[in-house]
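One structure is given here, and the rest of the page talks about it.
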Amino acid sequence: MTVAEVVFYLLALLSVIAAVGVVTVPNVVHAALFLILSLLGVAGFYILLSSEFLALVQVLIYGGAVATIILFGLMLTGGRDLPAVGPGAQWPLALLVSGALVVLLLTAVLNTTWPRDAGEMTLISINTLGSVLFREWLLPFELASLVLLVALIGAVVISSQEERES
Amino acid sequence: MALVLWGLFGVDMNVWLDAFLRLQLIVIVMTVTVMALIYVERKFVGRIQMRLGPMRTGPYGTLQSVADAVKLLTKEDLRPATADFWLFELAPYVTFVPVFMTLLALPFMEDWGVRDLQLGLFYIVAVSGVTVIGYIMAGWASDNKYALLGAVRSAAQLISYEIPLILAVLAVSMVAGSLNLNDIILQQDTIPNALLQPLPFLILLTATLAELSRRPFDIPIGESEVVGGPWVEYSGIRWSIIFALTEYAGLWGMAVLGSLVFLGGWEFPFGTSGFWGDFDFLYQMALVFAKSSFLILTMMLISATFPRLRIDQLMAFCWKILLPFGFLQIVINGIVLMYLDSEVTRDIALFATSGALLVAMAYVTYLATRQPSREARVAAMVAARSIQ
Amino acid sequence: MSPEDRRRPQEATIVAPPPGSVADLFAEALPGLEMTPMQGALDVIIQIGRDDAHRVLEAAKHNDKLAFDFLRNLSGVDYEEQGLEVVYHLYSFKHRHNITIRAKVPAEDARIQSATDLWRAADWHEREARDMFGIDFEGHPNLVPILLPDDMLDHFPLRKDNPLAPLEEWQGEILGPKMGDAGYIPPGSGFEATPAAEGEEA
Amino acid sequence: MTNDPDLPAMTYDPELETIDLNINIGPQHPATHGVFRMVLVVDGERVEDLVPHIGYMHRGAEKLSEHMDYRQAIGYQDRTEYLAQFNAELCYVQAVEKLAGLVPPERAEYIRVILAELNRISSHFMFLGAFGTDLGVFGTSFTYAFRERENLLDLFEEVSGDRLMYAYFRPGGVAWDVPHNFVERVKWVCDQALIGAKDLDTLLTDNEIFIARTLNIGKLSIEDAIDFGASGPVLRACGLKFDLRRDEPYSIYDRFDFDIPVGSNGDSYDRYLVRLEEIRQSVRIVRQAIDQMPDGPILPEKLPRALRPAAGEVYMRCENPRGEYGIYLISRGSTQPYRLRIRSSSFCNLAALKHMTVGHYVADAVTILGSIDIVLCEVDR
């Protein structure tokens with residue numbers, strides 16, 4: 001087993017445990033922190049796959065900003081410990097949906113031809129990434145920006161509306 | 001010593017042993033630097049405030065940091081009974097580790113950093129952003145209103161100021177055409193980036209102060225408001241990790257980054273001439289030391305003389321002034337770099353546009369914060385006297 | 001003079017204020033008002049009854065000739081057998097004159113109408129007078145203790161029937177046997193260490 | 001847009017409302033200048049409500065004075081107003097003099113006025129230093145101000161024998177004559193105070209952040225200020241030119257030429273400016289007084305061993321650094337005050353705190369509290 005494999009399994013263990021922690025711990029802030037841990041573990045995978053840029057983006061956006069916003073919201077909602085979540089009346093439906101999801105994912109995984117080894121992968125340099133993003137896929141990229149901008153303006157309008165009413 | 005160092009890192013060595021030794025070295029250098037910085041800040045600020053600073057421990061108080069460290073390490077480590085155990089205990093480390101990780105990518109001398117990363121600049125910005133999670137963990141786990149308020153403030157401030165920081169760094173990397181710190185430094189052999197890009201340099205300095213929660217941006221930990229903010233309940237060794245290591249290692253790291261990226265690092269006035277042969281690293285070290293010291297002392301001077309901003313003013317400054325001008329700088333850089341081929345015209349254009357933007361930003365800030373002049377205020381006071 | 005004579009309070013001789021003083025303006029503004037005007041060391045004083053107090057204060061604030069817009073001070077005084085008094089020191093920025101209004105309040109039925117509707121300054125002063133003298137200011141929006149602990153509602157420190165605690169009295173002239181010894185705590189002073197407390201200390 | 005009648009009203013979900021947070025600032029907090037406590041109800045960073053709590057320093061100075069000789073009670077004035085002790089003593093001894101019919105000799109009057117004005121300077125320096133610290137200056141304004149305050153305290157110690165609790169004024173004059181080098185020392189101290197005021201002026205007055213933090217913060221209109229019983233720099237900052245030294249002259253203040261600085265806006269910045277300017281005006285008064293000071297006795301020739309003023313009452317008020325300091329003294333012919341009521345200037349100014357603060361940010365609450373310049377011992381007495 002190479003060092004990379006050992007690191008991979010350690011990271012996998014970390015991510016999976018953290019992901020399980022997200023849905024099992026009763027404290028929502030703990031859950032959010034587990035989420036951050038899980039996301040950072042995923043960033044580790046990217047490094048193992050030699051996609052440093054993706055890993056850093058993962059750390060910057062998910063680990064830094066998004067998770068912080070989630071924490072921010074949770075901290076201010078007051079209630080600390082949620083009551084233990086038991087199976088509700090909708091469990092057959094939930095089972096159906098999650099089963100379908102599993103089947104879908106498995107099909108996708110099995111039908112994809114994977115490179116046998118991480119070393120055989122073509123490394124995508126940041127220059128390639130940049131030119132692909134800003135030349136070939138410029139329109140979808142700009143559209144996504146536009147959607148975000150609209151959401152941003154909407155948030156500002158809604159919050160300022162509340163302020164004016166109160 | 002030098003030969004030992006060179007021999008250690010020059011030859012091929014087991015990659016793990018090499019990494020281990022380099023890490024050990026950076027830890028030692030960081031610890032010493034942090035203690036020195038604490039002493040320097042106390043002396044420097046003391047002189048600004050017309051007092052002597054520490055004088056008792058050792059000659060001219062030079063051992064004060066050592067004495068403080070011993071005191072802090074032996075102090076009782078208190079934890080509030082209602083605190084969240086794991087989060088409270090882990091928060092200082094979550095705050096400190098990202099700061100330490102930024103140090104790993106800094107090339108302090110030619111060919112010498114812990115690791116030369118292809119995306120070094122981006123790595124530093126991304127990793128340092130994780131610090132905020134430590135702030136939030138500490139603030140929430142302390143079960144204290146001040147800590148909570150401080151955590152909320154730090155979350156808002158640190159995330160907001162990360163964006164101008166990224167923009168500033170991005171502008172420079174556009175000029176250099178690389179995110180590798182060594183490449184960026186090597187391009188500054190004649191003109192440092194601070195001249196080509198004065199506006200991003202200023203943005204970086206401002207955002208650094210905010211990211212490090214130093215005065216005048218120490219809103220999350222402002223003593224007269226939230227009494228230390230997220231760290232209000234910490235004491236002893238945990239507090240020394242936060243205060244000494246995080247704050248001063250962060251200051252040092254950001255100052256070195258600024259001196260490398262904007263002031264030319266070990267490259268600028270002399271270039272990689274190598275006129276000292278094996279001892280080149282001596283003047284390189286001295287150059288980086290001098291430049292980063294200049295930045296550190298500038299930040300200390302600012303933090304010793306300015307009052308604290310208010311959180312809304314801080315956010316407004318970030319979102320309404322720094323951010324638009326940072327974006328403008330990037331757009332202009334893109335146009336200049338795209339259409340100007342000659343290096344001389346390119347440099348002139350970069351300097352002219354960035355300088356013009358800097359002036360424009362200063363003017364907009366002046367307009368936004370314009371207050372009646374002293375003469376107008378005196379006139380108003382005289383007019384008021386006639387009321388009764 | 002014996003110590004008892006020294007302690008017997010004297011009464012101030014009432015000197016009528018000079019004609020044309022502020023007291024006359026009050027008589028003009030409120031005809032038929034029962035009041036005793038007198039000249040103090042600095043200001044003109046008028047003494048009125050409790051039931052007239054709010055009427056007089058209202059006139060003092062709103063009458064154009066009086067226009068007392070500044071409540072300098074509001075204090076309670078305990079005159080022992082003559083009952084309590086609430087004293088208002090007022091100043092007018094418009095006419096630059098002063099007045100001291102003393103409203104008599106019987107000690108057994110210590111209540112008076114609040115002046116908070118006229119001057120917001122009266123708010124904290126009245127709360128303090130309530131703390132110290134037990135005067136109930138009717139119509140006060142928030143008459144809770146201000147200087148004293150929140151539960152100290154039945155004990156009025158500045159009333160004359162409320163002596164200083166024995167601890168302070170030791171410094172005075174009543175030093176008895178052993179009183180001068182360091183650390184001696186007289187029995188009954190309320191400051192003796194209880195055996196339980198001693199056990200806890202040890 | 002919000003009030004468009006055609007659109008359905010936005011549904012209001014109480015579950016989504018931001019919770020109000022109660023923040024307890026004090027009694028042990030670096031910004032409360034003692035043991036003041038305020039409970040802030042904040043919505044985010046905005047102060048929705050403020051509940052001040054005082055009384056932690058209440059030591060019953062009024063009650064204790066009723067059990068003291070008239071001269072013994074002087075010491076309680078020092079302990080009540082511990083930043084402007086001479087001013088408080090001056091008010092008290094004048095109240096006793098008014099009742100006892102004592103007239104202090106000229107020299108004593110000048111000594112008192114000089115010391116009281118110097119005390120005003122030291123008190124204002126204390127304010128300037130602490131105000132900067134409240135705003136987050138890293139101790140620089142504090143050390144600048146304390147250098148000047150130290151000069152003044154040294155002088156006070158030379159005169160009275162104590163750095164803080166002077167008990168130097170007496171009904172009828174002062175306790176003993178000033179040291180032989182008093183005149184030179186006072187002149188030197190005045191020069192130093194002007195230098196210190198200039199240093200602080202250059203450090204703070206035109207600092208953009210300082211202005212941004214104080215201008216239009218904690219505004220008070222003249223009408224509100226009068227209604228709340230505010231006095232001193234808080235009242236003058238609103239634009240009302242009212243100073244007891246000028247409008248109801250006591251002691252010998254009518255002999256000096258000085259300006260009354262007033263603000264125009266009634267905000268924290270104007271309060272700062274007014275205090276800064278008052279330092280310069282006080283230096284002016286001291287310089288005139290030191291030139292005019294005559295030789296002669298410092299106590300009246302016939303001074304009774306035990307003061308026994310005739311029955312009567314007086315409300316003596318003085319312009320102290322923090323505003324109108326009043327002593328309501330009732331004598332019923334004994335050697336002890338029958339009732340001593342201290343009208344504390346900070347107490348009245350502090351009552352306006354809630355009115356000034358609500359609607360501002362948390363950080364502004366600290367600024368506004370600092371700009372009132374409270375002395376907690378004076379508030380609680």
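Chain labels run A, B, ... following the order of the structure tokens; each chain numbers its residues from 1, and ligands are numbered from 1 in the order shown.
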
Fill in: stretch 81-87 of chain C environment, 6 Å, only C-alpha atoms, sequence neighbours closer than 2 positions dropped, as a PyMOL selection string
chain C and resi 74-79+101-107

Fill in: 6 Å contacts from chain A to chain B using only C-alpha atoms, as a list in words
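Result, ordered by chain then number: Leu56, Leu60 and Gly64 of chain A.
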
Item to complete: Mind checking which residues fall within 10 Å of stretch 213-225 of chain D, counting only C-alpha atoms, ignoring those fewer than 3 positions away in the same chain, and posting them as an MDAnalysis selection string?
Response: (chainID B and resid 307:310 313 371) or (chainID C and resid 69:70 119:121) or (chainID D and resid 135 207:210 228:231 234:240 264:272 348:349 352:361 363:365 367:369 371:372)

Under the rule of at most 7 Å, produce a per-residue listing of chain D near chain C: chain, number, name, the closest pair of atoms, and the distance in Å, as CSV, using only C-alpha atoms.
```
residue,atom,partner,partner_atom,distance
D:Ile54,CA,C:Leu147,CA,6.0
D:Gly55,CA,C:Leu147,CA,3.9
D:His58,CA,C:Leu147,CA,6.4
D:Lys63,CA,C:Leu158,CA,6.0
D:Lys98,CA,C:Ala41,CA,6.4
D:Leu99,CA,C:Ala41,CA,6.9
D:Ile226,CA,C:Phe70,CA,5.6
D:Asp227,CA,C:Trp119,CA,5.3
D:Phe228,CA,C:Ala121,CA,4.1
D:Gly229,CA,C:Ala121,CA,5.0
D:Ala311,CA,C:Ala12,CA,4.6
D:Gly312,CA,C:Ala12,CA,5.2
D:Glu313,CA,C:Gly40,CA,6.5
D:Val314,CA,C:Ala41,CA,5.5
D:Arg332,CA,C:Gln10,CA,4.9
D:Gly333,CA,C:Gln10,CA,5.5
D:Ser334,CA,C:Arg6,CA,5.8
D:Arg339,CA,C:Val77,CA,6.9
D:Arg341,CA,C:Ser75,CA,7.0
D:Arg343,CA,C:Asn73,CA,6.1
D:Cys348,CA,C:Ala121,CA,6.7
D:Ala351,CA,C:Trp124,CA,6.9
D:Asp380,CA,C:Leu147,CA,6.5
```

Take the selection from the previous step and output its residues with C-alpha atoms, as a JSON list (two decimals), in the first residue's frame.
```
[["chain", "number", "residue", "atom", "x", "y", "z"],
["D", 54, "ILE", "CA", -26.78, 52.26, 39.36],
["D", 55, "GLY", "CA", -26.23, 52.06, 43.07],
["D", 58, "HIS", "CA", -23.81, 53.82, 47.11],
["D", 63, "LYS", "CA", -26.49, 59.92, 55.70],
["D", 98, "LYS", "CA", -23.67, 80.92, 53.32],
["D", 99, "LEU", "CA", -25.40, 79.43, 56.35],
["D", 226, "ILE", "CA", -33.06, 70.84, 29.84],
["D", 227, "ASP", "CA", -35.91, 68.44, 30.40],
["D", 228, "PHE", "CA", -33.54, 65.74, 31.60],
["D", 229, "GLY", "CA", -31.78, 68.16, 33.90],
["D", 311, "ALA", "CA", -31.12, 77.27, 61.41],
["D", 312, "GLY", "CA", -31.83, 77.65, 57.72],
["D", 313, "GLU", "CA", -31.23, 76.09, 54.38],
["D", 314, "VAL", "CA", -29.28, 76.80, 51.26],
["D", 332, "ARG", "CA", -31.18, 73.22, 62.48],
["D", 333, "GLY", "CA", -28.67, 74.85, 64.72],
["D", 334, "SER", "CA", -26.50, 71.91, 65.71],
["D", 339, "ARG", "CA", -29.71, 67.22, 55.91],
["D", 341, "ARG", "CA", -28.33, 66.49, 49.76],
["D", 343, "ARG", "CA", -27.25, 67.14, 43.54],
["D", 348, "CYS", "CA", -28.75, 63.84, 36.06],
["D", 351, "ALA", "CA", -30.58, 59.87, 33.23],
["D", 380, "ASP", "CA", -24.33, 56.79, 43.61]]
```

How close does each residue of stretch 74-174 of chain D get to stretch 17-39 of chain D, giving the shortest atom pair and distance in Å to one decimal for every residue with an atom at most 12 Å away, counting only C-alpha atoms, sorted by chain and residue number, as a tab-separated table?
```
residue	atom	partner	partner_atom	distance
D:Tyr82	CA	D:Gly34	CA	11.7
D:Leu83	CA	D:His33	CA	11.9
D:Met126	CA	D:His33	CA	11.0
D:Phe127	CA	D:His33	CA	10.3
D:Gly129	CA	D:His33	CA	11.9
D:Ala130	CA	D:His33	CA	8.4
D:Phe131	CA	D:Ala31	CA	9.3
D:Gly132	CA	D:Ala31	CA	10.9
D:Thr133	CA	D:Ala31	CA	8.4
D:Asp134	CA	D:Ala31	CA	6.0
D:Leu135	CA	D:Ala31	CA	9.4
D:Gly136	CA	D:Ala31	CA	10.1
```

Save the residues we just selected, C-alpha atoms, as an mmCIF file, in the first residue's frame?
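Okay, out.cif is ready:
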```cif
data_model
loop_
_atom_site.group_PDB
_atom_site.id
_atom_site.type_symbol
_atom_site.label_atom_id
_atom_site.label_comp_id
_atom_site.auth_asym_id
_atom_site.auth_seq_id
_atom_site.Cartn_x
_atom_site.Cartn_y
_atom_site.Cartn_z
ATOM 1 C CA TYR D 82 -13.219 61.846 43.071
ATOM 2 C CA LEU D 83 -12.096 63.496 39.859
ATOM 3 C CA MET D 126 -9.122 62.254 32.540
ATOM 4 C CA PHE D 127 -12.152 62.444 30.273
ATOM 5 C CA GLY D 129 -7.874 59.981 27.910
ATOM 6 C CA ALA D 130 -10.685 57.661 28.861
ATOM 7 C CA PHE D 131 -12.838 58.751 25.932
ATOM 8 C CA GLY D 132 -10.116 57.785 23.495
ATOM 9 C CA THR D 133 -9.804 54.421 25.163
ATOM 10 C CA ASP D 134 -13.563 53.929 24.957
ATOM 11 C CA LEU D 135 -13.304 54.526 21.238
ATOM 12 C CA GLY D 136 -10.524 51.995 20.942
#
```

Item to complete: Show which residues sit within 12 Å of C:Pro19, as a VMD selection string. Count only C-alpha atoms, and ignore same-chain residues fewer than 4 positions away.
Response: chain C and resid 15 23 to 25 27 37 to 39 44

Worksheet item: Taking into account only C-alpha atoms, which residue in the set D:Tyr92, D:Tyr110, D:Tyr144, D:Tyr315 is nearest to chain B?
Response: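 Comparing D:Tyr92, D:Tyr110, D:Tyr144, D:Tyr315 against chain B, the winner is D:Tyr144.
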
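Nearest residue to chain B, choosing from C:Ala67, C:Val22, C:Arg50, C:Lys94 and counting only C-alpha atoms: C:Lys94.
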